[in-house]
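*Asks:* Dropping in target.pdb, which is PDB, C-alpha atoms, pLDDT in the B column:
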```
ATOM      1  CA  MET W  29      -5.221 -70.527 -81.901  1.00 50.00           C
ATOM      2  CA  SER W  30      -4.997 -72.925 -78.930  1.00 49.00           C
ATOM      3  CA  GLU W  31      -5.919 -71.705 -75.432  1.00 49.00           C
ATOM      4  CA  ASN W  32      -3.173 -71.264 -72.849  1.00 50.00           C
ATOM      5  CA  GLU W  33      -2.984 -74.411 -70.799  1.00 51.00           C
ATOM      6  CA  ASN W  34      -1.785 -72.470 -67.733  1.00 50.00           C
ATOM      7  CA  TYR W  35      -4.790 -70.159 -67.666  1.00 49.00           C
ATOM      8  CA  GLY W  36      -6.667 -70.485 -64.368  1.00 49.00           C
ATOM      9  CA  GLN W  37      -3.770 -72.350 -62.722  1.00 51.00           C
ATOM     10  CA  GLN W  38      -1.327 -71.258 -60.001  1.00 50.00           C
ATOM     11  CA  TRP W  39       2.280 -72.209 -59.536  1.00 51.00           C
ATOM     12  CA  VAL W  40       3.076 -73.890 -56.198  1.00 51.00           C
ATOM     13  CA  PRO W  41       6.556 -73.080 -54.792  1.00 53.00           C
ATOM     14  CA  GLY W  42       8.837 -75.939 -53.798  1.00 52.00           C
ATOM     15  CA  ALA W  43       7.804 -78.179 -56.670  1.00 51.00           C
ATOM     16  CA  PRO W  44       9.623 -77.126 -59.835  1.00 53.00           C
ATOM     17  CA  ASN W  45       8.206 -79.930 -61.971  1.00 54.00           C
ATOM     18  CA  ALA W  46       4.788 -80.028 -60.343  1.00 51.00           C
ATOM     19  CA  PRO W  47       1.898 -79.128 -62.553  1.00 53.00           C
ATOM     20  CA  MET W  48       0.077 -75.881 -62.074  1.00 52.00           C
ATOM     21  CA  GLN W  49      -2.893 -76.164 -59.710  1.00 50.00           C
ATOM     22  CA  HIS W  50      -6.219 -74.943 -60.892  1.00 49.00           C
ATOM     23  CA  VAL W  51      -7.646 -71.999 -58.900  1.00 49.00           C
ATOM     24  CA  THR W  52     -11.397 -72.013 -58.739  1.00 50.00           C
ATOM     25  CA  GLY W  53     -11.861 -68.548 -57.196  1.00 50.00           C
ATOM     26  CA  PRO W  54     -10.018 -65.585 -55.717  1.00 51.00           C
ATOM     27  CA  GLN W  55      -7.822 -66.382 -52.742  1.00 51.00           C
ATOM     28  CA  THR W  56      -7.705 -64.119 -49.691  1.00 50.00           C
ATOM     29  CA  GLY W  57      -5.701 -64.382 -46.523  1.00 48.00           C
ATOM     30  CA  GLY W  58      -2.948 -66.505 -48.178  1.00 49.00           C
ATOM     31  CA  PRO W  59       0.758 -65.962 -47.755  1.00 52.00           C
ATOM     32  CA  TYR W  60       1.034 -63.930 -50.946  1.00 50.00           C
ATOM     33  CA  PRO W  61      -0.493 -60.608 -51.903  1.00 52.00           C
ATOM     34  CA  ASN W  62      -3.751 -60.734 -53.731  1.00 51.00           C
ATOM     35  CA  TYR W  63      -6.464 -58.423 -54.880  1.00 51.00           C
ATOM     36  CA  GLY W  64      -8.899 -59.144 -52.003  1.00 53.00           C
ATOM     37  CA  PRO W  65      -9.344 -57.093 -48.820  1.00 53.00           C
ATOM     38  CA  PRO W  66      -6.883 -57.542 -45.922  1.00 52.00           C
ATOM     39  CA  THR W  67      -7.742 -60.442 -43.658  1.00 53.00           C
ATOM     40  CA  GLN W  68      -6.876 -61.579 -40.137  1.00 52.00           C
ATOM     41  CA  GLY W  69      -5.559 -64.959 -41.220  1.00 53.00           C
ATOM     42  CA  THR W  70      -8.949 -66.652 -40.928  1.00 54.00           C
ATOM     43  CA  GLY W  71     -10.309 -65.301 -44.150  1.00 54.00           C
ATOM     44  CA  GLN W  72     -12.369 -62.562 -42.457  1.00 57.00           C
ATOM     45  CA  PRO W  73     -11.798 -58.949 -43.513  1.00 57.00           C
ATOM     46  CA  ILE W  74     -10.281 -56.582 -40.932  1.00 54.00           C
ATOM     47  CA  PRO W  75     -12.716 -53.868 -39.834  1.00 57.00           C
ATOM     48  CA  PRO W  76     -11.484 -50.324 -40.462  1.00 56.00           C
ATOM     49  CA  GLY W  77      -9.535 -48.816 -37.587  1.00 53.00           C
ATOM     50  CA  GLN W  78      -8.324 -52.203 -36.168  1.00 55.00           C
ATOM     51  CA  THR W  79      -4.867 -53.729 -36.284  1.00 54.00           C
ATOM     52  CA  GLY W  80      -4.276 -56.638 -38.595  1.00 51.00           C
ATOM     53  CA  MET W  81      -1.560 -59.260 -38.540  1.00 54.00           C
ATOM     54  CA  TYR W  82       0.728 -57.164 -40.696  1.00 52.00           C
ATOM     55  CA  GLY W  83       1.315 -53.418 -40.821  1.00 55.00           C
ATOM     56  CA  PRO W  84       0.359 -50.532 -38.534  1.00 56.00           C
ATOM     57  CA  PRO W  85      -3.290 -49.834 -37.591  1.00 56.00           C
ATOM     58  CA  GLN W  86      -5.327 -47.636 -39.809  1.00 55.00           C
ATOM     59  CA  ALA W  87      -5.699 -44.017 -38.774  1.00 58.00           C
ATOM     60  CA  GLY W  88      -8.992 -43.081 -37.093  1.00 59.00           C
ATOM     61  CA  PRO W  89     -10.870 -39.782 -37.298  1.00 64.00           C
ATOM     62  CA  PRO W  90      -8.827 -36.641 -36.537  1.00 65.00           C
ATOM     63  CA  GLN W  91      -8.773 -35.512 -32.893  1.00 67.00           C
ATOM     64  CA  TYR W  92      -9.305 -31.818 -32.131  1.00 64.00           C
ATOM     65  CA  ALA W  93      -8.022 -30.114 -28.971  1.00 67.00           C
ATOM     66  CA  GLN W  94     -10.700 -28.859 -26.614  1.00 71.00           C
ATOM     67  CA  PRO W  95     -10.761 -25.031 -26.270  1.00 72.00           C
ATOM     68  CA  ALA W  96      -9.503 -23.626 -22.981  1.00 75.00           C
ATOM     69  CA  ARG W  97     -12.286 -22.832 -20.519  1.00 76.00           C
ATOM     70  CA  PRO W  98     -12.450 -19.112 -19.628  1.00 74.00           C
ATOM     71  CA  SER W  99     -11.643 -18.141 -16.067  1.00 74.00           C
ATOM     72  CA  PHE W 100     -14.287 -17.416 -13.453  1.00 65.00           C
ATOM     73  CA  LEU W 101     -13.395 -13.724 -13.497  1.00 71.00           C
ATOM     74  CA  ALA W 102     -13.868 -13.551 -17.282  1.00 75.00           C
ATOM     75  CA  LEU W 103     -17.347 -15.102 -16.989  1.00 79.00           C
ATOM     76  CA  MET W 104     -18.438 -12.528 -14.399  1.00 85.00           C
ATOM     77  CA  PRO W 105     -20.613  -9.727 -15.857  1.00 90.00           C
ATOM     78  CA  LEU W 106     -19.141  -6.229 -15.930  1.00 92.00           C
ATOM     79  CA  PRO W 107     -21.695  -4.750 -13.484  1.00 93.00           C
ATOM     80  CA  ILE W 108     -20.737  -7.363 -10.904  1.00 93.00           C
ATOM     81  CA  LYS W 109     -17.052  -6.590 -11.392  1.00 94.00           C
ATOM     82  CA  LEU W 110     -17.791  -2.931 -10.712  1.00 95.00           C
ATOM     83  CA  ALA W 111     -19.778  -3.863  -7.609  1.00 95.00           C
ATOM     84  CA  VAL W 112     -16.884  -5.943  -6.266  1.00 95.00           C
ATOM     85  CA  CYS W 113     -14.466  -3.054  -6.870  1.00 96.00           C
ATOM     86  CA  SER W 114     -16.922  -0.864  -4.994  1.00 97.00           C
ATOM     87  CA  GLY W 115     -16.714  -3.326  -2.112  1.00 96.00           C
ATOM     88  CA  LEU W 116     -12.930  -2.937  -2.019  1.00 96.00           C
ATOM     89  CA  MET W 117     -13.264   0.841  -1.825  1.00 97.00           C
ATOM     90  CA  GLY W 118     -15.865   0.429   0.911  1.00 96.00           C
ATOM     91  CA  LEU W 119     -13.500  -1.623   3.059  1.00 96.00           C
ATOM     92  CA  VAL W 120     -10.860   1.093   2.808  1.00 96.00           C
ATOM     93  CA  THR W 121     -13.481   3.698   3.732  1.00 96.00           C
ATOM     94  CA  PHE W 122     -14.524   1.678   6.760  1.00 96.00           C
ATOM     95  CA  PHE W 123     -10.986   1.488   8.151  1.00 96.00           C
ATOM     96  CA  MET W 124     -10.628   5.246   7.799  1.00 94.00           C
ATOM     97  CA  GLY W 125     -12.940   5.419  10.809  1.00 93.00           C
ATOM     98  CA  PHE W 126      -9.974   4.457  12.996  1.00 94.00           C
ATOM     99  CA  LEU W 127      -8.155   7.642  12.020  1.00 92.00           C
ATOM    100  CA  SER W 128      -8.871  11.156  13.242  1.00 90.00           C
ATOM    101  CA  TRP W 129     -12.225  12.567  12.180  1.00 90.00           C
ATOM    102  CA  VAL W 130     -11.668  16.111  13.469  1.00 86.00           C
ATOM    103  CA  THR W 131      -8.585  18.077  14.439  1.00 83.00           C
ATOM    104  CA  ILE W 132      -8.662  20.368  17.472  1.00 80.00           C
ATOM    105  CA  GLY W 133      -5.712  22.714  17.973  1.00 76.00           C
ATOM    106  CA  GLU W 134      -4.508  24.742  20.928  1.00 75.00           C
ATOM    107  CA  THR W 135      -6.238  27.873  19.661  1.00 76.00           C
ATOM    108  CA  ILE W 136      -9.707  26.329  19.652  1.00 76.00           C
ATOM    109  CA  ASP W 137     -10.932  28.674  22.415  1.00 74.00           C
ATOM    110  CA  SER W 138     -10.159  31.815  20.496  1.00 79.00           C
ATOM    111  CA  LYS W 139     -11.513  30.320  17.268  1.00 76.00           C
ATOM    112  CA  ALA W 140     -14.754  29.344  19.008  1.00 76.00           C
ATOM    113  CA  GLU W 141     -15.191  32.885  20.334  1.00 77.00           C
ATOM    114  CA  ASP W 142     -14.585  34.369  16.910  1.00 76.00           C
ATOM    115  CA  TRP W 143     -17.079  31.941  15.417  1.00 73.00           C
ATOM    116  CA  ALA W 144     -19.710  32.856  18.053  1.00 72.00           C
ATOM    117  CA  MET W 145     -19.192  36.578  17.433  1.00 76.00           C
ATOM    118  CA  ASP W 146     -19.678  36.054  13.714  1.00 73.00           C
ATOM    119  CA  GLN W 147     -23.029  34.420  14.413  1.00 70.00           C
ATOM    120  CA  GLY W 148     -24.359  37.632  16.049  1.00 69.00           C
ATOM    121  CA  ASN W 149     -26.831  37.719  18.885  1.00 69.00           C
ATOM    122  CA  SER W 150     -28.295  34.303  17.981  1.00 70.00           C
ATOM    123  CA  ILE W 151     -26.630  31.103  16.844  1.00 70.00           C
ATOM    124  CA  GLY W 152     -28.428  29.028  14.255  1.00 71.00           C
ATOM    125  CA  ILE W 153     -27.970  25.288  14.582  1.00 74.00           C
ATOM    126  CA  PRO W 154     -28.470  23.391  11.325  1.00 76.00           C
ATOM    127  CA  ALA W 155     -30.121  19.996  11.326  1.00 81.00           C
ATOM    128  CA  PHE W 156     -26.998  18.200  10.250  1.00 83.00           C
ATOM    129  CA  LEU W 157     -25.024  19.721  13.123  1.00 80.00           C
ATOM    130  CA  THR W 158     -26.539  17.108  15.434  1.00 81.00           C
ATOM    131  CA  MET W 159     -24.840  14.424  13.293  1.00 82.00           C
ATOM    132  CA  VAL W 160     -21.379  15.959  13.401  1.00 82.00           C
ATOM    133  CA  PHE W 161     -20.004  13.632  16.054  1.00 81.00           C
ATOM    134  CA  THR W 162     -21.792  10.494  14.843  1.00 87.00           C
ATOM    135  CA  PRO W 163     -20.029   9.733  11.524  1.00 92.00           C
ATOM    136  CA  GLY W 164     -19.175   6.249  12.760  1.00 93.00           C
ATOM    137  CA  TRP W 165     -22.690   5.023  11.960  1.00 94.00           C
ATOM    138  CA  PHE W 166     -22.305   6.048   8.343  1.00 96.00           C
ATOM    139  CA  LEU W 167     -18.883   4.414   8.142  1.00 96.00           C
ATOM    140  CA  LEU W 168     -20.487   1.231   9.446  1.00 96.00           C
ATOM    141  CA  GLY W 169     -23.105   1.482   6.703  1.00 96.00           C
ATOM    142  CA  LEU W 170     -20.423   1.842   4.025  1.00 97.00           C
ATOM    143  CA  GLY W 171     -18.519  -1.112   5.486  1.00 96.00           C
ATOM    144  CA  ALA W 172     -21.635  -3.303   5.563  1.00 97.00           C
ATOM    145  CA  ALA W 173     -22.381  -2.421   1.942  1.00 97.00           C
ATOM    146  CA  ALA W 174     -18.796  -3.323   1.034  1.00 96.00           C
ATOM    147  CA  VAL W 175     -19.100  -6.780   2.574  1.00 96.00           C
ATOM    148  CA  ALA W 176     -22.474  -7.335   0.886  1.00 96.00           C
ATOM    149  CA  ALA W 177     -20.985  -6.395  -2.494  1.00 95.00           C
ATOM    150  CA  PHE W 178     -18.695  -9.428  -2.373  1.00 95.00           C
ATOM    151  CA  GLY W 179     -21.779 -11.627  -2.154  1.00 93.00           C
ATOM    152  CA  PHE W 180     -22.720 -10.643  -5.705  1.00 93.00           C
ATOM    153  CA  VAL W 181     -20.176 -13.174  -6.951  1.00 91.00           C
ATOM    154  CA  ALA W 182     -22.956 -15.715  -6.380  1.00 90.00           C
ATOM    155  CA  ALA W 183     -25.681 -15.257  -9.001  1.00 89.00           C
ATOM    156  CA  LYS W 184     -28.575 -15.759  -6.547  1.00 91.00           C
ATOM    157  CA  TRP W 185     -27.673 -12.605  -4.585  1.00 92.00           C
ATOM    158  CA  ARG W 186     -27.287 -10.237  -7.541  1.00 91.00           C
ATOM    159  CA  ARG W 187     -30.913  -9.172  -7.393  1.00 92.00           C
ATOM    160  CA  PHE W 188     -30.058  -7.240  -4.214  1.00 95.00           C
ATOM    161  CA  LEU W 189     -27.653  -4.937  -6.051  1.00 95.00           C
ATOM    162  CA  PRO W 190     -30.032  -1.908  -5.990  1.00 95.00           C
ATOM    163  CA  HIS W 191     -30.616  -2.351  -2.242  1.00 96.00           C
ATOM    164  CA  VAL W 192     -26.893  -2.320  -1.466  1.00 96.00           C
ATOM    165  CA  ALA W 193     -26.448   0.704  -3.736  1.00 96.00           C
ATOM    166  CA  PHE W 194     -29.177   2.522  -1.787  1.00 97.00           C
ATOM    167  CA  LEU W 195     -27.315   1.827   1.465  1.00 97.00           C
ATOM    168  CA  VAL W 196     -24.117   3.260  -0.023  1.00 97.00           C
ATOM    169  CA  VAL W 197     -25.894   6.432  -1.161  1.00 97.00           C
ATOM    170  CA  VAL W 198     -27.518   7.066   2.217  1.00 96.00           C
ATOM    171  CA  SER W 199     -24.330   6.366   4.180  1.00 96.00           C
ATOM    172  CA  TRP W 200     -22.084   8.510   2.016  1.00 96.00           C
ATOM    173  CA  LEU W 201     -24.519  11.423   2.009  1.00 96.00           C
ATOM    174  CA  GLY W 202     -24.687  11.196   5.823  1.00 95.00           C
ATOM    175  CA  LEU W 203     -20.894  11.186   5.975  1.00 94.00           C
ATOM    176  CA  LEU W 204     -20.772  14.262   3.746  1.00 95.00           C
ATOM    177  CA  ALA W 205     -23.355  16.032   5.897  1.00 93.00           C
ATOM    178  CA  CYS W 206     -21.270  15.351   9.005  1.00 92.00           C
ATOM    179  CA  ALA W 207     -18.241  16.891   7.344  1.00 91.00           C
ATOM    180  CA  LEU W 208     -19.975  20.001   5.986  1.00 90.00           C
ATOM    181  CA  ALA W 209     -21.907  20.727   9.177  1.00 87.00           C
ATOM    182  CA  LEU W 210     -18.777  21.105  11.314  1.00 86.00           C
ATOM    183  CA  PRO W 211     -18.425  24.505  12.969  1.00 81.00           C
ATOM    184  CA  GLY W 212     -15.751  26.768  11.543  1.00 77.00           C
ATOM    185  CA  PHE W 213     -13.419  26.396  14.514  1.00 79.00           C
ATOM    186  CA  ILE W 214     -13.153  22.601  14.051  1.00 82.00           C
ATOM    187  CA  SER W 215     -11.125  21.168  11.158  1.00 85.00           C
ATOM    188  CA  LEU W 216     -11.544  17.847   9.410  1.00 90.00           C
ATOM    189  CA  GLY W 217      -9.005  15.168  10.236  1.00 91.00           C
ATOM    190  CA  THR W 218      -7.116  12.839   7.940  1.00 93.00           C
ATOM    191  CA  GLY W 219      -9.619  10.006   8.383  1.00 93.00           C
ATOM    192  CA  ALA W 220     -12.538  12.212   7.396  1.00 93.00           C
ATOM    193  CA  ILE W 221     -10.857  13.442   4.215  1.00 95.00           C
ATOM    194  CA  LEU W 222      -9.777   9.967   3.107  1.00 96.00           C
ATOM    195  CA  ALA W 223     -13.153   8.485   4.006  1.00 96.00           C
ATOM    196  CA  LEU W 224     -14.939  11.025   1.823  1.00 96.00           C
ATOM    197  CA  ILE W 225     -12.570  10.337  -1.096  1.00 96.00           C
ATOM    198  CA  PHE W 226     -12.743   6.530  -0.998  1.00 97.00           C
ATOM    199  CA  GLY W 227     -16.445   6.675  -0.213  1.00 96.00           C
ATOM    200  CA  SER W 228     -17.046   8.701  -3.350  1.00 97.00           C
ATOM    201  CA  PHE W 229     -15.267   6.025  -5.411  1.00 97.00           C
ATOM    202  CA  GLN W 230     -17.411   3.381  -3.739  1.00 97.00           C
ATOM    203  CA  LEU W 231     -20.542   5.357  -4.603  1.00 97.00           C
ATOM    204  CA  LEU W 232     -19.545   5.927  -8.231  1.00 97.00           C
ATOM    205  CA  LEU W 233     -18.628   2.293  -8.857  1.00 97.00           C
ATOM    206  CA  ILE W 234     -21.772   0.767  -7.421  1.00 97.00           C
ATOM    207  CA  GLY W 235     -23.891   3.453  -9.091  1.00 96.00           C
ATOM    208  CA  ALA W 236     -22.378   2.553 -12.478  1.00 96.00           C
ATOM    209  CA  ALA W 237     -22.982  -1.138 -11.720  1.00 96.00           C
ATOM    210  CA  VAL W 238     -26.682  -0.532 -11.049  1.00 95.00           C
ATOM    211  CA  ILE W 239     -27.113   1.539 -14.225  1.00 94.00           C
ATOM    212  CA  MET W 240     -25.324  -0.990 -16.441  1.00 93.00           C
ATOM    213  CA  ASP W 241     -27.223  -3.884 -14.894  1.00 91.00           C
ATOM    214  CA  GLY W 242     -30.522  -2.123 -15.617  1.00 88.00           C
ATOM    215  CA  LEU W 243     -29.532  -1.430 -19.216  1.00 89.00           C
ATOM    216  CA  ASN W 244     -28.570  -5.067 -19.744  1.00 84.00           C
ATOM    217  CA  GLU W 245     -31.972  -6.239 -18.538  1.00 75.00           C
ATOM    218  CA  GLU W 246     -33.765  -3.856 -20.911  1.00 69.00           C
ATOM    219  CA  ALA W 247     -31.680  -5.107 -23.845  1.00 61.00           C
TER
END
```
Can the structure in the file be given as structure tokens, please?

*Replies:*
Amino acid sequence: MSENENYGQQWVPGAPNAPMQHVTGPQTGGPYPNYGPPTQGTGQPIPPGQTGMYGPPQAGPPQYAQPARPSFLALMPLPIKLAVCSGLMGLVTFFMGFLSWVTIGETIDSKAEDWAMDQGNSIGIPAFLTMVFTPGWFLLGLGAAAVAAFGFVAAKWRRFLPHVAFLVVVSWLGLLACALALPGFISLGTGAILALIFGSFQLLLIGAAVIMDGLNEEA
């Protein structure tokens, strides 16, 4: 059997009677498709991910969306959130000092006499009675602690949390002593009642913040 004379030859377009040209090796980068890698027209392969002369660029690695960054409030520890809420209650307590602390009616003279008669021949003066008309100092202490609580947003000041809590405890206890030591013929005013209520919330919140902060450090 004779070998095929056209084996190893390539037909050249535009010359119908021209003989087949012998191809000595694989052709790349020519005008017709071949089995070699894609080229840029100069015979050099196209690196992956770059655009060649023909066709769209090859797809690169998949891109993933960056996760949303949590807000500053979400990053704040729970004890600090409680301390800041305590500061809000403390500001309300402070402004209650502008309202009436005691209420004195028209019948105060008769009530004072009745109170003196109930005391007998001698009148005992408790220690806290000397603080009855000085509750403003304790309201100032609660207000100062409220302002200091907002500083705990910065991490460097959070180590002073127990000190601010101590100031709240002392101030609120002094405010309570002023209210309980009032003589029977003098009634508490609206400012005193509201100050004791909001001050108790301030005390509970910062107390819980100190306890939780201590438990977190032990863990």

*Asks:* Using the chain letters and numbers from the file, give me the residues hit by the PyMOL selection byres ((chain W and resi 150-160) around 7), as a PDB file with C-alpha atoms, in the coordinates of the input.

*Replies:*
```pdb
ATOM      1  CA  GLN W 147     -23.029  34.420  14.413  1.00 70.00           C
ATOM      2  CA  GLY W 148     -24.359  37.632  16.049  1.00 69.00           C
ATOM      3  CA  ASN W 149     -26.831  37.719  18.885  1.00 69.00           C
ATOM      4  CA  PHE W 161     -20.004  13.632  16.054  1.00 81.00           C
ATOM      5  CA  THR W 162     -21.792  10.494  14.843  1.00 87.00           C
ATOM      6  CA  PRO W 163     -20.029   9.733  11.524  1.00 92.00           C
ATOM      7  CA  ALA W 205     -23.355  16.032   5.897  1.00 93.00           C
ATOM      8  CA  CYS W 206     -21.270  15.351   9.005  1.00 92.00           C
ATOM      9  CA  ALA W 207     -18.241  16.891   7.344  1.00 91.00           C
ATOM     10  CA  ALA W 209     -21.907  20.727   9.177  1.00 87.00           C
ATOM     11  CA  LEU W 210     -18.777  21.105  11.314  1.00 86.00           C
TER      12      LEU W 210
END
```

*Asks:* Just to confirm, what's the straight-line distance from CA of Ile239 in chain W to CA of Leu101 in chain W in Å (one decimal)?

*Replies:*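 Distance between the two atoms: 20.5 Å.
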
*Asks:* Counting all atoms listed in the file, what is within 12 Å of Glu134 in chain W, bar same-chain residues fewer than 4 positions away, as a list of chain:residue names?

*Replies:*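 Contacts, with the query itself left out: W:Ser138, W:Lys139, W:Ala140, W:Phe213, W:Ile214.
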
*Asks:* Report, in Å to a single decimal, how far apart CA of Phe123 in chain W and CA of Leu168 in chain W are.

*Replies:*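 Separation between CA of Leu168 in chain W and CA of Phe123 in chain W: 9.6 Å.
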
*Asks:* Using all atoms listed in the file, find the one residue out of W:Met117, W:Val181, W:Ala237, W:Leu195 that sits nearest to Ala223 in chain W.

*Replies:* W:Met117

*Asks:* Give me the residues within 7 Å of range 175-179 of chain W as a VMD selection string, counting all atoms listed in the file and dropping any in the same chain fewer than 5 places off.

*Replies:* chain W and resid 111 to 112 115 185

*Asks:* Report, in Å with one decimal, the straight-line distance from CA of Leu203 in chain W to CA of Phe122 in chain W.

*Replies:* 11.5 Å

*Asks:* Taking the file as I've supplied it (selection: the PyMOL selection byres ((chain W and resi 220) around 9)), which residues are included? Please answer as a list in words.

*Replies:*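 Answer for the PyMOL selection byres ((chain W and resi 220) around 9): Met124, Gly125, Leu127, Ser128, Trp129, Val130, Pro163, Leu203, Ala207, Leu216, Gly217, Thr218, Gly219, Ile221, Leu222, Ala223, Leu224 and Ile225 of chain W.
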
*Asks:* Give, as lines of an AutoDock Vina configuration file, the centre coordinates and the x, y and z edge lengths in Å to one decimal for an axis-aligned box around all listed atoms of range 145-156 of chain W, padded by 4 Å on each side.

*Replies:*
```
center_x = -24.7
center_y = 28.0
center_z = 14.6
size_x = 18.9
size_y = 27.5
size_z = 16.6
```

*Asks:* What are the closest atom pairs, with distances in Å to one decimal, for all residues of range 210-237 of chain W lying within 8 Å of range 198-201 of chain W? Consider only C-alpha atoms, order rows by chain and residue number, and present the result as a tab-separated table.

*Replies:*
```
residue	atom	partner	partner_atom	distance
W:Leu224	CA	W:Trp200	CA	7.6
W:Gly227	CA	W:Trp200	CA	6.3
W:Ser228	CA	W:Trp200	CA	7.4
W:Leu231	CA	W:Trp200	CA	7.5
```

*Asks:* Tell me which protein, DNA and RNA residues are within 12 Å of Val197 in chain W, counting all atoms listed in the file, leaving out same-chain ones fewer than 4 positions away, and put them as a tab-separated table (two decimals) with C-alpha atoms, in the coordinates of the input.

*Replies:*
```tsv
chain	number	residue	atom	x	y	z
W	118	GLY	CA	-15.86	0.43	0.91
W	166	PHE	CA	-22.30	6.05	8.34
W	167	LEU	CA	-18.88	4.41	8.14
W	169	GLY	CA	-23.10	1.48	6.70
W	170	LEU	CA	-20.42	1.84	4.03
W	173	ALA	CA	-22.38	-2.42	1.94
W	190	PRO	CA	-30.03	-1.91	-5.99
W	191	HIS	CA	-30.62	-2.35	-2.24
W	192	VAL	CA	-26.89	-2.32	-1.47
W	193	ALA	CA	-26.45	0.70	-3.74
W	201	LEU	CA	-24.52	11.42	2.01
W	202	GLY	CA	-24.69	11.20	5.82
W	203	LEU	CA	-20.89	11.19	5.98
W	204	LEU	CA	-20.77	14.26	3.75
W	227	GLY	CA	-16.44	6.68	-0.21
W	228	SER	CA	-17.05	8.70	-3.35
W	229	PHE	CA	-15.27	6.02	-5.41
W	230	GLN	CA	-17.41	3.38	-3.74
W	231	LEU	CA	-20.54	5.36	-4.60
W	232	LEU	CA	-19.55	5.93	-8.23
W	233	LEU	CA	-18.63	2.29	-8.86
W	234	ILE	CA	-21.77	0.77	-7.42
W	235	GLY	CA	-23.89	3.45	-9.09
```

*Asks:* Taking into account only C-alpha atoms, which residue in the set W:Ala96, W:Val196, W:Leu208, W:Ala174 is nearest to Cys113 in chain W?

*Replies:*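 Smallest separation from Cys113 in chain W among the options: W:Ala174.
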